[in-house]
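Below: the structure, in structure tokens.
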Protein chains: 2
Amino acid sequence: MTVFADRLTEANRQTGTVLCMGIDPHMTMIPALFGGGAPGSDASIAAIRDFANACLGQAIGKVAAIKPQAAFFEQHGSGGMQVLAELGRDAVRAGLLVVMDAKRGDIGSTSTAYAAGWIGHDAAFPSDALTINPWLGLDTLEPFLQRADATGSGLFILNRTSNPGAGDLQDQLVDGQPLYHHLAGMLAPLAADRRGASGWSSLGIVAGATWPEDARRLRAILPDSPFLVPGFGAQGAGPEKALAGLKRGKFGWEGGLVNSTRGLIFPAAAADAKSISDWNKAISDTVDANKAALSPTG
Amino acid sequence: MTVFADRLTEANRQTGTVLCMGIDPHMTMIPALFGGGAPGSDASIAAIRDFANACLGQAIGKVAAIKPQAAFFEQHGSGGMQVLAELGRDAVRAGLLVVMDAKRGDIGSTSTAYAAGWIGHDAAFPSDALTINPWLGLDTLEPFLQRADATGSGLFILNRTSNPGAGDLQDQLVDGQPLYHHLAGMLAPLAADRRGASGWSSLGIVAGATWPEDARRLRAILPDSPFLVPGFGAQGAGPEKALAGLKRGKFGWEGGLVNSTRGLIFPAAAADAKSISDWNKAISDTVDANKAALSPTG
């Protein structure tokens, strides 16, 4: 198996897009078609399983990756976690890249345990890449890097998010530069050590979509790191902002993933779908429209 | 039910200690007595269940709280998560405080889902308090605070950890002060709003034990916040350092929890225990010795 950086680049080229489908089974947003119930109940777990599987069916071969959000599975306890494990396994089997959005981070041996649980195709929660919270420091990334290197996997370090309070810590000025620039600088040598044949690194960052000038500055600090860009579509940013940190290759956009969740899996047209085939049609149309919006000619 | 701040203070007084038992079922450290196997296997899940239950048996009535580390359960997949849910439920039923050490943190509705899953006695993973990673900003704490307020629960925000690289982001100087001081200042009004009858707040911080002068400075910024102090014992700090941020009340130390994991549940004397009763004796002696070391007269 090639390294994550190269699998990602290949997925961008094969699907013709950097679009990533966020899979967040919000109980309040899943169409009635899929059922539901109290969190943790058999009915709610069946609903998130059916919904996640339906999303997966619309993602395979069409988007570059999926990004399941762990919280919406954890909310249902171990039964929900089982659904997440199955989703990761099924996506991996289908050859679809899985970015587990679990934002883990802890010290020493604890990070080692998280890494074993969340990184690699044979992990309890199978993935191609994992999102990581760096607040505890660079040494806490080491166990994740070791596991990622050993399994040909990727990491996306939370560098600058796009929520309203993201700047509270990330933007604080240290020697005249925002802290997230310093963090990017600390990551740069680690990223440079992990370049694949594609030229891209398997060490990426999460780079919010609502501040494109900064995405370009981050790109200068981390020229080879894939950017995982949240906040496209329903969360606020248009294509120009979302693509600001990516690169135009000869096959189209490369160098990251632009994630959409609500805009892709909860479009208005799908909310009242009366049948799975109606729902599939609505999601398929939405995926196509989002791909077109993100295409080099879009 | 009283609020977390008051339950914690009561637990400190009733057990006569601020000692918290970390429950991290490291597969490589669990004594042979409990069995084991490949991560995620039925044998390994049975081993962590039996081991966690045995730890719980030694904690009830003797320490102020337990702090299960989510990673060591997640590593085993949904079966491991089921053990964690049962551990939380059983501890709550026994009246023992549970600090779930899951270090969660995410934006908006995702934090709401994590909060629902991890905070409160009726959560999927039952707890009295949860550890939270603040890197994404103060707005991302809101859903956790709302759920904690609604369920009388507590939070411990990761402020300054004690690992070697903790300073990479936390210690960066902003206007001449380390960033974690600024973070503490941002938390201060939120903590002041959450004082219980005991005078302590239900909004606490994680404050590493290896730098006691700074613990005293943090105490000045957050006079009423419980400090969760990791790093006592095997991780390096002695009682003086571990207690530096706490307060001497008329019933003994108050204002936080001093956690020990390896020193409490993996003492050398228990490693080769041939029977559960031998293991119980070794752990009981170790707990007593740690309580004595942390006592006001220790």
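Residues in the structure tokens are numbered from 1 in each chain, the chains being A, B, ... in the order shown, and ligands are numbered from 1 in the order shown.
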
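Proximity to Gly120 in chain B at 7 Å, evaluated using only C-alpha atoms and with sequence-adjacent residues fewer than 5 positions away removed, yields Pro126, Ser127, Asp128, Thr151 and Ser153 of chain B.
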
Which of range 124-212 of chain B counts as helix (DSSP H, G or I) under DSSP, as a PyMOL selection string please?
chain B and resi 138-151+167-170+179-192+212

Please save N, CA and C atoms of the selected residues as a short mmCIF file (atom, residue, chain, number, x, y, z; two decimals), in the first residue's frame.
data_model
loop_
_atom_site.label_atom_id
_atom_site.label_comp_id
_atom_site.auth_asym_id
_atom_site.auth_seq_id
_atom_site.Cartn_x
_atom_site.Cartn_y
_atom_site.Cartn_z
N LEU B 138 -12.91 29.46 23.43
CA LEU B 138 -13.87 29.50 24.53
C LEU B 138 -15.29 29.16 24.09
N ASP B 139 -15.65 29.53 22.86
CA ASP B 139 -17.02 29.22 22.41
C ASP B 139 -17.26 27.71 22.36
N THR B 140 -16.19 26.95 22.18
CA THR B 140 -16.36 25.50 22.09
C THR B 140 -16.58 24.87 23.47
N LEU B 141 -16.35 25.65 24.53
CA LEU B 141 -16.64 25.14 25.88
C LEU B 141 -18.12 25.27 26.23
N GLU B 142 -18.82 26.17 25.55
CA GLU B 142 -20.21 26.47 25.91
C GLU B 142 -21.12 25.24 25.98
N PRO B 143 -21.11 24.38 24.95
CA PRO B 143 -22.00 23.21 25.03
C PRO B 143 -21.66 22.29 26.21
N PHE B 144 -20.37 22.21 26.54
CA PHE B 144 -19.98 21.40 27.70
C PHE B 144 -20.47 22.05 29.00
N LEU B 145 -20.33 23.37 29.08
CA LEU B 145 -20.79 24.08 30.28
C LEU B 145 -22.30 23.94 30.44
N GLN B 146 -23.02 24.05 29.33
CA GLN B 146 -24.49 23.94 29.41
C GLN B 146 -24.90 22.57 29.94
N ARG B 147 -24.28 21.54 29.40
CA ARG B 147 -24.64 20.19 29.84
C ARG B 147 -24.20 19.96 31.30
N ALA B 148 -23.02 20.48 31.65
CA ALA B 148 -22.54 20.33 33.02
C ALA B 148 -23.48 21.05 33.98
N ASP B 149 -23.89 22.26 33.62
CA ASP B 149 -24.81 23.02 34.48
C ASP B 149 -26.14 22.28 34.64
N ALA B 150 -26.62 21.71 33.54
CA ALA B 150 -27.93 21.05 33.56
C ALA B 150 -27.92 19.77 34.37
N THR B 151 -26.74 19.17 34.53
CA THR B 151 -26.67 17.87 35.21
C THR B 151 -25.89 17.95 36.52
N GLY B 167 5.01 22.94 27.16
CA GLY B 167 5.21 24.36 26.96
C GLY B 167 5.19 24.81 25.50
N ASP B 168 5.23 23.87 24.56
CA ASP B 168 5.31 24.25 23.14
C ASP B 168 4.25 25.28 22.77
N LEU B 169 3.03 25.06 23.22
CA LEU B 169 1.97 26.03 22.98
C LEU B 169 1.56 26.72 24.28
N GLN B 170 1.44 25.96 25.35
CA GLN B 170 0.89 26.49 26.60
C GLN B 170 1.75 27.59 27.22
N LEU B 179 0.78 31.70 27.80
CA LEU B 179 -0.58 31.59 27.28
C LEU B 179 -1.53 30.93 28.27
N TYR B 180 -1.03 29.96 29.04
CA TYR B 180 -1.96 29.28 29.95
C TYR B 180 -2.44 30.20 31.06
N HIS B 181 -1.66 31.24 31.38
CA HIS B 181 -2.17 32.24 32.33
C HIS B 181 -3.33 33.02 31.69
N HIS B 182 -3.16 33.37 30.42
CA HIS B 182 -4.25 34.07 29.72
C HIS B 182 -5.50 33.18 29.68
N LEU B 183 -5.29 31.90 29.39
CA LEU B 183 -6.43 30.98 29.36
C LEU B 183 -7.12 30.94 30.73
N ALA B 184 -6.32 30.85 31.78
CA ALA B 184 -6.91 30.84 33.12
C ALA B 184 -7.72 32.11 33.36
N GLY B 185 -7.20 33.22 32.88
CA GLY B 185 -7.93 34.48 33.03
C GLY B 185 -9.26 34.47 32.28
N MET B 186 -9.27 33.84 31.10
CA MET B 186 -10.53 33.74 30.35
C MET B 186 -11.54 32.85 31.08
N LEU B 187 -11.02 31.85 31.78
CA LEU B 187 -11.91 30.92 32.48
C LEU B 187 -12.43 31.50 33.79
N ALA B 188 -11.72 32.50 34.34
CA ALA B 188 -12.03 32.99 35.69
C ALA B 188 -13.50 33.41 35.86
N PRO B 189 -14.05 34.23 34.95
CA PRO B 189 -15.46 34.62 35.16
C PRO B 189 -16.42 33.43 35.04
N LEU B 190 -16.09 32.48 34.17
CA LEU B 190 -16.95 31.29 34.03
C LEU B 190 -16.90 30.46 35.31
N ALA B 191 -15.73 30.41 35.92
CA ALA B 191 -15.60 29.65 37.18
C ALA B 191 -16.32 30.37 38.31
N ALA B 192 -16.21 31.69 38.34
CA ALA B 192 -16.85 32.46 39.41
C ALA B 192 -18.37 32.30 39.39
N PRO B 212 5.34 23.72 40.87
CA PRO B 212 4.45 24.19 41.94
C PRO B 212 4.32 25.71 42.04
#

Which residues are close to Leu33 in chain A, i.e. within 8 Å by only C-alpha atoms, leaving aside same-chain residues fewer than 4 positions away? Reply as a list in words.
Asp272, Ala273, Lys274, Ser275 and Ile276 of chain A

Put those residues in a file: all heavy atoms, as a PDB file, in the first residue's frame.
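Output contents, as saved in part35.pdb:
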ATOM      1  N   ASP A 272     -37.216  15.608   3.350  1.00  0.00           N
ATOM      2  CA  ASP A 272     -38.546  15.001   3.343  1.00  0.00           C
ATOM      3  C   ASP A 272     -38.651  13.840   2.361  1.00  0.00           C
ATOM      4  O   ASP A 272     -39.754  13.492   1.925  1.00  0.00           O
ATOM      5  CB  ASP A 272     -39.595  16.069   2.994  1.00  0.00           C
ATOM      6  CG  ASP A 272     -39.582  17.208   4.004  1.00  0.00           C
ATOM      7  OD1 ASP A 272     -39.438  16.910   5.212  1.00  0.00           O
ATOM      8  OD2 ASP A 272     -39.697  18.370   3.590  1.00  0.00           O
ATOM      9  N   ALA A 273     -37.508  13.256   2.024  1.00  0.00           N
ATOM     10  CA  ALA A 273     -37.533  12.141   1.070  1.00  0.00           C
ATOM     11  C   ALA A 273     -38.461  11.045   1.583  1.00  0.00           C
ATOM     12  O   ALA A 273     -38.450  10.704   2.762  1.00  0.00           O
ATOM     13  CB  ALA A 273     -36.119  11.597   0.872  1.00  0.00           C
ATOM     14  N   LYS A 274     -39.266  10.511   0.679  1.00  0.00           N
ATOM     15  CA  LYS A 274     -40.243   9.489   1.076  1.00  0.00           C
ATOM     16  C   LYS A 274     -39.710   8.073   0.874  1.00  0.00           C
ATOM     17  O   LYS A 274     -40.295   7.108   1.364  1.00  0.00           O
ATOM     18  CB  LYS A 274     -41.534   9.672   0.264  1.00  0.00           C
ATOM     19  CG  LYS A 274     -42.268  10.981   0.567  1.00  0.00           C
ATOM     20  CD  LYS A 274     -42.936  10.935   1.950  1.00  0.00           C
ATOM     21  CE  LYS A 274     -43.696  12.221   2.249  1.00  0.00           C
ATOM     22  NZ  LYS A 274     -42.770  13.289   2.743  1.00  0.00           N
ATOM     23  N   SER A 275     -38.627   7.961   0.119  1.00  0.00           N
ATOM     24  CA  SER A 275     -38.051   6.637  -0.132  1.00  0.00           C
ATOM     25  C   SER A 275     -36.538   6.767  -0.213  1.00  0.00           C
ATOM     26  O   SER A 275     -36.009   7.864  -0.419  1.00  0.00           O
ATOM     27  CB  SER A 275     -38.575   6.073  -1.457  1.00  0.00           C
ATOM     28  OG  SER A 275     -38.070   6.851  -2.536  1.00  0.00           O
ATOM     29  N   ILE A 276     -35.862   5.636  -0.052  1.00  0.00           N
ATOM     30  CA  ILE A 276     -34.405   5.646  -0.155  1.00  0.00           C
ATOM     31  C   ILE A 276     -33.982   6.104  -1.548  1.00  0.00           C
ATOM     32  O   ILE A 276     -32.993   6.831  -1.694  1.00  0.00           O
ATOM     33  CB  ILE A 276     -33.835   4.234   0.137  1.00  0.00           C
ATOM     34  CG1 ILE A 276     -33.949   3.929   1.636  1.00  0.00           C
ATOM     35  CG2 ILE A 276     -32.389   4.117  -0.312  1.00  0.00           C
ATOM     36  CD1 ILE A 276     -32.994   4.709   2.516  1.00  0.00           C
TER      37      ILE A 276
END

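Within 6 Å of chain A, and using only C-alpha atoms, the residues found on chain B are Ala71, Phe72, Gln75, Gly77, Ser78, Met81, Gln82, Ala113, Tyr114, Gly117, Ala124, Trp135, Leu136, Gly137, Leu138, Asp139, Gly165, Ala166, Asp168 and Val174 of chain B.
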
Could those residues be written to a file, using N, CA and C atoms, as a PDB file, in the first residue's frame?
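Once written, part_17.pdb looks like this:
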ATOM      1  N   ALA B  71      -8.718   6.393  26.470  1.00  0.00           N
ATOM      2  CA  ALA B  71      -7.909   5.793  25.402  1.00  0.00           C
ATOM      3  C   ALA B  71      -7.717   4.293  25.592  1.00  0.00           C
ATOM      4  N   PHE B  72      -7.526   3.878  26.849  1.00  0.00           N
ATOM      5  CA  PHE B  72      -7.200   2.473  27.092  1.00  0.00           C
ATOM      6  C   PHE B  72      -8.419   1.566  26.958  1.00  0.00           C
ATOM      7  N   GLN B  75      -9.108   1.710  22.735  1.00  0.00           N
ATOM      8  CA  GLN B  75      -8.155   0.874  22.011  1.00  0.00           C
ATOM      9  C   GLN B  75      -8.758  -0.487  21.654  1.00  0.00           C
ATOM     10  N   GLY B  77     -11.919  -0.965  20.916  1.00  0.00           N
ATOM     11  CA  GLY B  77     -13.128  -0.822  20.116  1.00  0.00           C
ATOM     12  C   GLY B  77     -14.378  -0.740  20.971  1.00  0.00           C
ATOM     13  N   SER B  78     -15.515  -1.047  20.361  1.00  0.00           N
ATOM     14  CA  SER B  78     -16.789  -0.851  21.051  1.00  0.00           C
ATOM     15  C   SER B  78     -16.901  -1.740  22.287  1.00  0.00           C
ATOM     16  N   MET B  81     -15.303   0.120  24.973  1.00  0.00           N
ATOM     17  CA  MET B  81     -16.139   1.258  25.371  1.00  0.00           C
ATOM     18  C   MET B  81     -17.293   0.809  26.264  1.00  0.00           C
ATOM     19  N   GLN B  82     -17.782  -0.401  26.009  1.00  0.00           N
ATOM     20  CA  GLN B  82     -18.841  -0.941  26.866  1.00  0.00           C
ATOM     21  C   GLN B  82     -18.322  -1.125  28.296  1.00  0.00           C
ATOM     22  N   ALA B 113     -22.766  17.019  21.134  1.00  0.00           N
ATOM     23  CA  ALA B 113     -22.872  15.554  21.082  1.00  0.00           C
ATOM     24  C   ALA B 113     -21.890  14.901  22.058  1.00  0.00           C
ATOM     25  N   TYR B 114     -20.657  15.413  22.105  1.00  0.00           N
ATOM     26  CA  TYR B 114     -19.706  14.874  23.089  1.00  0.00           C
ATOM     27  C   TYR B 114     -20.237  15.076  24.507  1.00  0.00           C
ATOM     28  N   GLY B 117     -22.772  12.626  25.442  1.00  0.00           N
ATOM     29  CA  GLY B 117     -22.230  11.281  25.597  1.00  0.00           C
ATOM     30  C   GLY B 117     -21.427  11.071  26.871  1.00  0.00           C
ATOM     31  N   ALA B 124     -24.143   8.279  28.212  1.00  0.00           N
ATOM     32  CA  ALA B 124     -23.725   6.961  27.719  1.00  0.00           C
ATOM     33  C   ALA B 124     -22.498   6.478  28.498  1.00  0.00           C
ATOM     34  N   TRP B 135      -8.253  24.073  23.033  1.00  0.00           N
ATOM     35  CA  TRP B 135      -7.485  24.651  21.919  1.00  0.00           C
ATOM     36  C   TRP B 135      -8.377  25.348  20.887  1.00  0.00           C
ATOM     37  N   LEU B 136      -9.611  24.854  20.703  1.00  0.00           N
ATOM     38  CA  LEU B 136     -10.466  25.446  19.667  1.00  0.00           C
ATOM     39  C   LEU B 136     -11.152  26.731  20.121  1.00  0.00           C
ATOM     40  N   GLY B 137     -10.978  27.118  21.383  1.00  0.00           N
ATOM     41  CA  GLY B 137     -11.509  28.408  21.812  1.00  0.00           C
ATOM     42  C   GLY B 137     -12.645  28.318  22.809  1.00  0.00           C
ATOM     43  N   LEU B 138     -12.909  29.458  23.432  1.00  0.00           N
ATOM     44  CA  LEU B 138     -13.870  29.501  24.529  1.00  0.00           C
ATOM     45  C   LEU B 138     -15.287  29.160  24.089  1.00  0.00           C
ATOM     46  N   ASP B 139     -15.652  29.530  22.856  1.00  0.00           N
ATOM     47  CA  ASP B 139     -17.016  29.216  22.411  1.00  0.00           C
ATOM     48  C   ASP B 139     -17.258  27.712  22.361  1.00  0.00           C
ATOM     49  N   GLY B 165       6.784  18.350  26.533  1.00  0.00           N
ATOM     50  CA  GLY B 165       6.519  19.351  25.498  1.00  0.00           C
ATOM     51  C   GLY B 165       5.335  20.252  25.800  1.00  0.00           C
ATOM     52  N   ALA B 166       4.834  20.210  27.026  1.00  0.00           N
ATOM     53  CA  ALA B 166       3.628  20.966  27.365  1.00  0.00           C
ATOM     54  C   ALA B 166       3.773  22.447  27.042  1.00  0.00           C
ATOM     55  N   ASP B 168       5.225  23.871  24.560  1.00  0.00           N
ATOM     56  CA  ASP B 168       5.315  24.253  23.138  1.00  0.00           C
ATOM     57  C   ASP B 168       4.251  25.279  22.771  1.00  0.00           C
ATOM     58  N   VAL B 174       2.646  35.671  25.653  1.00  0.00           N
ATOM     59  CA  VAL B 174       1.740  36.622  25.013  1.00  0.00           C
ATOM     60  C   VAL B 174       1.659  37.827  25.950  1.00  0.00           C
TER      61      VAL B 174
END

Just the residues within 7 Å of range 265-267 of chain A, please, counting only C-alpha atoms, with nothing from its chain fewer than 6 positions along; format it as a PyMOL selection string.
chain A and resi 29+55+283

Store the residues of this selection in a file with N, CA, C and O atoms, as a PDB file, in the first residue's frame.
ATOM      1  N   MET A  29     -31.341  15.760  12.683  1.00  0.00           N
ATOM      2  CA  MET A  29     -31.314  16.109  11.264  1.00  0.00           C
ATOM      3  C   MET A  29     -31.514  14.909  10.344  1.00  0.00           C
ATOM      4  O   MET A  29     -31.739  15.086   9.149  1.00  0.00           O
ATOM      5  N   CYS A  55     -25.105   7.168   3.383  1.00  0.00           N
ATOM      6  CA  CYS A  55     -24.114   8.200   3.026  1.00  0.00           C
ATOM      7  C   CYS A  55     -22.917   7.552   2.335  1.00  0.00           C
ATOM      8  O   CYS A  55     -22.430   8.046   1.307  1.00  0.00           O
ATOM      9  N   ILE A 283     -29.185  13.290  -2.644  1.00  0.00           N
ATOM     10  CA  ILE A 283     -27.786  13.386  -2.205  1.00  0.00           C
ATOM     11  C   ILE A 283     -26.855  13.357  -3.418  1.00  0.00           C
ATOM     12  O   ILE A 283     -25.882  14.118  -3.497  1.00  0.00           O
TER      13      ILE A 283
END

For range 92-100 of chain B, work out the shell of residues within 8 Å, counting only C-alpha atoms and skipping chain neighbours fewer than 6 positions away, then give it as a PDB file with N, CA, C and O atoms, in the first residue's frame.
ATOM      1  N   ARG B   7     -20.050  18.139  45.773  1.00  0.00           N
ATOM      2  CA  ARG B   7     -19.842  16.687  45.901  1.00  0.00           C
ATOM      3  C   ARG B   7     -18.353  16.379  46.032  1.00  0.00           C
ATOM      4  O   ARG B   7     -17.948  15.491  46.783  1.00  0.00           O
ATOM      5  N   LEU B   8     -17.541  17.133  45.285  1.00  0.00           N
ATOM      6  CA  LEU B   8     -16.095  16.926  45.367  1.00  0.00           C
ATOM      7  C   LEU B   8     -15.576  17.285  46.761  1.00  0.00           C
ATOM      8  O   LEU B   8     -14.793  16.531  47.363  1.00  0.00           O
ATOM      9  N   ALA B  11     -16.557  14.675  49.116  1.00  0.00           N
ATOM     10  CA  ALA B  11     -15.752  13.455  48.925  1.00  0.00           C
ATOM     11  C   ALA B  11     -14.366  13.631  49.540  1.00  0.00           C
ATOM     12  O   ALA B  11     -13.826  12.710  50.162  1.00  0.00           O
ATOM     13  N   ILE B  60     -13.584   2.502  46.126  1.00  0.00           N
ATOM     14  CA  ILE B  60     -14.829   2.926  46.789  1.00  0.00           C
ATOM     15  C   ILE B  60     -14.593   3.168  48.282  1.00  0.00           C
ATOM     16  O   ILE B  60     -14.102   2.295  48.996  1.00  0.00           O
ATOM     17  N   GLY B  61     -14.928   4.371  48.704  1.00  0.00           N
ATOM     18  CA  GLY B  61     -14.810   4.722  50.120  1.00  0.00           C
ATOM     19  C   GLY B  61     -13.408   5.083  50.554  1.00  0.00           C
ATOM     20  O   GLY B  61     -13.196   5.526  51.685  1.00  0.00           O
ATOM     21  N   ALA B  64     -10.997   9.880  46.734  1.00  0.00           N
ATOM     22  CA  ALA B  64     -12.038  10.884  46.510  1.00  0.00           C
ATOM     23  C   ALA B  64     -12.732  10.694  45.169  1.00  0.00           C
ATOM     24  O   ALA B  64     -13.884  11.104  44.998  1.00  0.00           O
ATOM     25  N   ALA B  65     -12.043  10.086  44.211  1.00  0.00           N
ATOM     26  CA  ALA B  65     -12.602   9.941  42.867  1.00  0.00           C
ATOM     27  C   ALA B  65     -11.776   8.923  42.093  1.00  0.00           C
ATOM     28  O   ALA B  65     -10.659   8.580  42.494  1.00  0.00           O
ATOM     29  N   ILE B  66     -12.355   8.459  40.994  1.00  0.00           N
ATOM     30  CA  ILE B  66     -11.561   7.713  40.017  1.00  0.00           C
ATOM     31  C   ILE B  66     -11.509   8.523  38.731  1.00  0.00           C
ATOM     32  O   ILE B  66     -12.386   9.345  38.460  1.00  0.00           O
ATOM     33  N   LYS B  67     -10.449   8.283  37.949  1.00  0.00           N
ATOM     34  CA  LYS B  67     -10.292   8.974  36.669  1.00  0.00           C
ATOM     35  C   LYS B  67      -9.949   7.939  35.600  1.00  0.00           C
ATOM     36  O   LYS B  67      -8.781   7.659  35.352  1.00  0.00           O
ATOM     37  N   PRO B  68     -10.979   7.334  34.995  1.00  0.00           N
ATOM     38  CA  PRO B  68     -10.683   6.387  33.909  1.00  0.00           C
ATOM     39  C   PRO B  68     -10.162   7.139  32.689  1.00  0.00           C
ATOM     40  O   PRO B  68     -10.655   8.215  32.353  1.00  0.00           O
ATOM     41  N   GLN B  69      -9.158   6.577  32.040  1.00  0.00           N
ATOM     42  CA  GLN B  69      -8.569   7.178  30.843  1.00  0.00           C
ATOM     43  C   GLN B  69      -9.191   6.493  29.619  1.00  0.00           C
ATOM     44  O   GLN B  69      -8.965   5.307  29.367  1.00  0.00           O
ATOM     45  N   ALA B  70      -9.966   7.274  28.854  1.00  0.00           N
ATOM     46  CA  ALA B  70     -10.762   6.699  27.768  1.00  0.00           C
ATOM     47  C   ALA B  70      -9.928   5.923  26.746  1.00  0.00           C
ATOM     48  O   ALA B  70     -10.376   4.902  26.214  1.00  0.00           O
ATOM     49  N   TRP B 118     -20.866  12.164  27.407  1.00  0.00           N
ATOM     50  CA  TRP B 118     -19.843  12.005  28.440  1.00  0.00           C
ATOM     51  C   TRP B 118     -20.111  12.710  29.759  1.00  0.00           C
ATOM     52  O   TRP B 118     -19.343  12.534  30.706  1.00  0.00           O
ATOM     53  N   HIS B 121     -24.728  11.679  35.130  1.00  0.00           N
ATOM     54  CA  HIS B 121     -24.914  10.293  35.576  1.00  0.00           C
ATOM     55  C   HIS B 121     -25.700   9.461  34.573  1.00  0.00           C
ATOM     56  O   HIS B 121     -25.605   8.237  34.577  1.00  0.00           O
ATOM     57  N   PRO B 126     -21.190   7.391  31.899  1.00  0.00           N
ATOM     58  CA  PRO B 126     -21.605   8.186  33.061  1.00  0.00           C
ATOM     59  C   PRO B 126     -20.416   8.799  33.805  1.00  0.00           C
ATOM     60  O   PRO B 126     -19.383   8.151  34.005  1.00  0.00           O
ATOM     61  N   SER B 127     -20.589  10.049  34.197  1.00  0.00           N
ATOM     62  CA  SER B 127     -19.506  10.744  34.892  1.00  0.00           C
ATOM     63  C   SER B 127     -20.053  11.811  35.815  1.00  0.00           C
ATOM     64  O   SER B 127     -21.216  12.218  35.713  1.00  0.00           O
ATOM     65  N   ASP B 128     -19.160  12.277  36.699  1.00  0.00           N
ATOM     66  CA  ASP B 128     -19.424  13.485  37.480  1.00  0.00           C
ATOM     67  C   ASP B 128     -18.712  14.681  36.880  1.00  0.00           C
ATOM     68  O   ASP B 128     -19.085  15.820  37.148  1.00  0.00           O
ATOM     69  N   ALA B 129     -17.658  14.422  36.118  1.00  0.00           N
ATOM     70  CA  ALA B 129     -16.897  15.508  35.493  1.00  0.00           C
ATOM     71  C   ALA B 129     -16.143  14.947  34.292  1.00  0.00           C
ATOM     72  O   ALA B 129     -15.904  13.736  34.204  1.00  0.00           O
ATOM     73  N   LEU B 130     -15.788  15.851  33.379  1.00  0.00           N
ATOM     74  CA  LEU B 130     -15.109  15.465  32.139  1.00  0.00           C
ATOM     75  C   LEU B 130     -13.919  16.390  31.911  1.00  0.00           C
ATOM     76  O   LEU B 130     -14.006  17.592  32.175  1.00  0.00           O
ATOM     77  N   THR B 131     -12.816  15.838  31.405  1.00  0.00           N
ATOM     78  CA  THR B 131     -11.688  16.691  31.005  1.00  0.00           C
ATOM     79  C   THR B 131     -11.919  17.196  29.584  1.00  0.00           C
ATOM     80  O   THR B 131     -12.433  16.478  28.724  1.00  0.00           O
TER      81      THR B 131
END

Within 9 Å of range 254-264 of chain B, counting only C-alpha atoms, which residues show up once you throw out same-chain ones fewer than 4 positions away? Write them as a PyMOL selection string, please.
chain B and resi 5+8-9+12-13+17-24+64-67+200-201+204+209+224-235+242-243+245-249+268+283-284+286-287+290+294

Out of range 95-271 of chain B, which residues get strand (DSSP E) from DSSP, as number ranges by chain?
B: 97-104, 129-132, 154-160, 173-174, 177-178, 203-207, 227-229, 247-249, 252-254, 256-260

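CA of Leu155 in chain B lies 16.2 Å from CA of Gly199 in chain B.
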
For CA of Ala220 in chain A and CA of Gln177 in chain A, quote the distance in Å rounded to one decimal.
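So the answer is 14.3 Å.
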
Go ahead and compute the interatomic distance for CA of Gly154 in chain A and CA of Ile119 in chain A, in Å to one decimal.
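The value is 8.2 Å.
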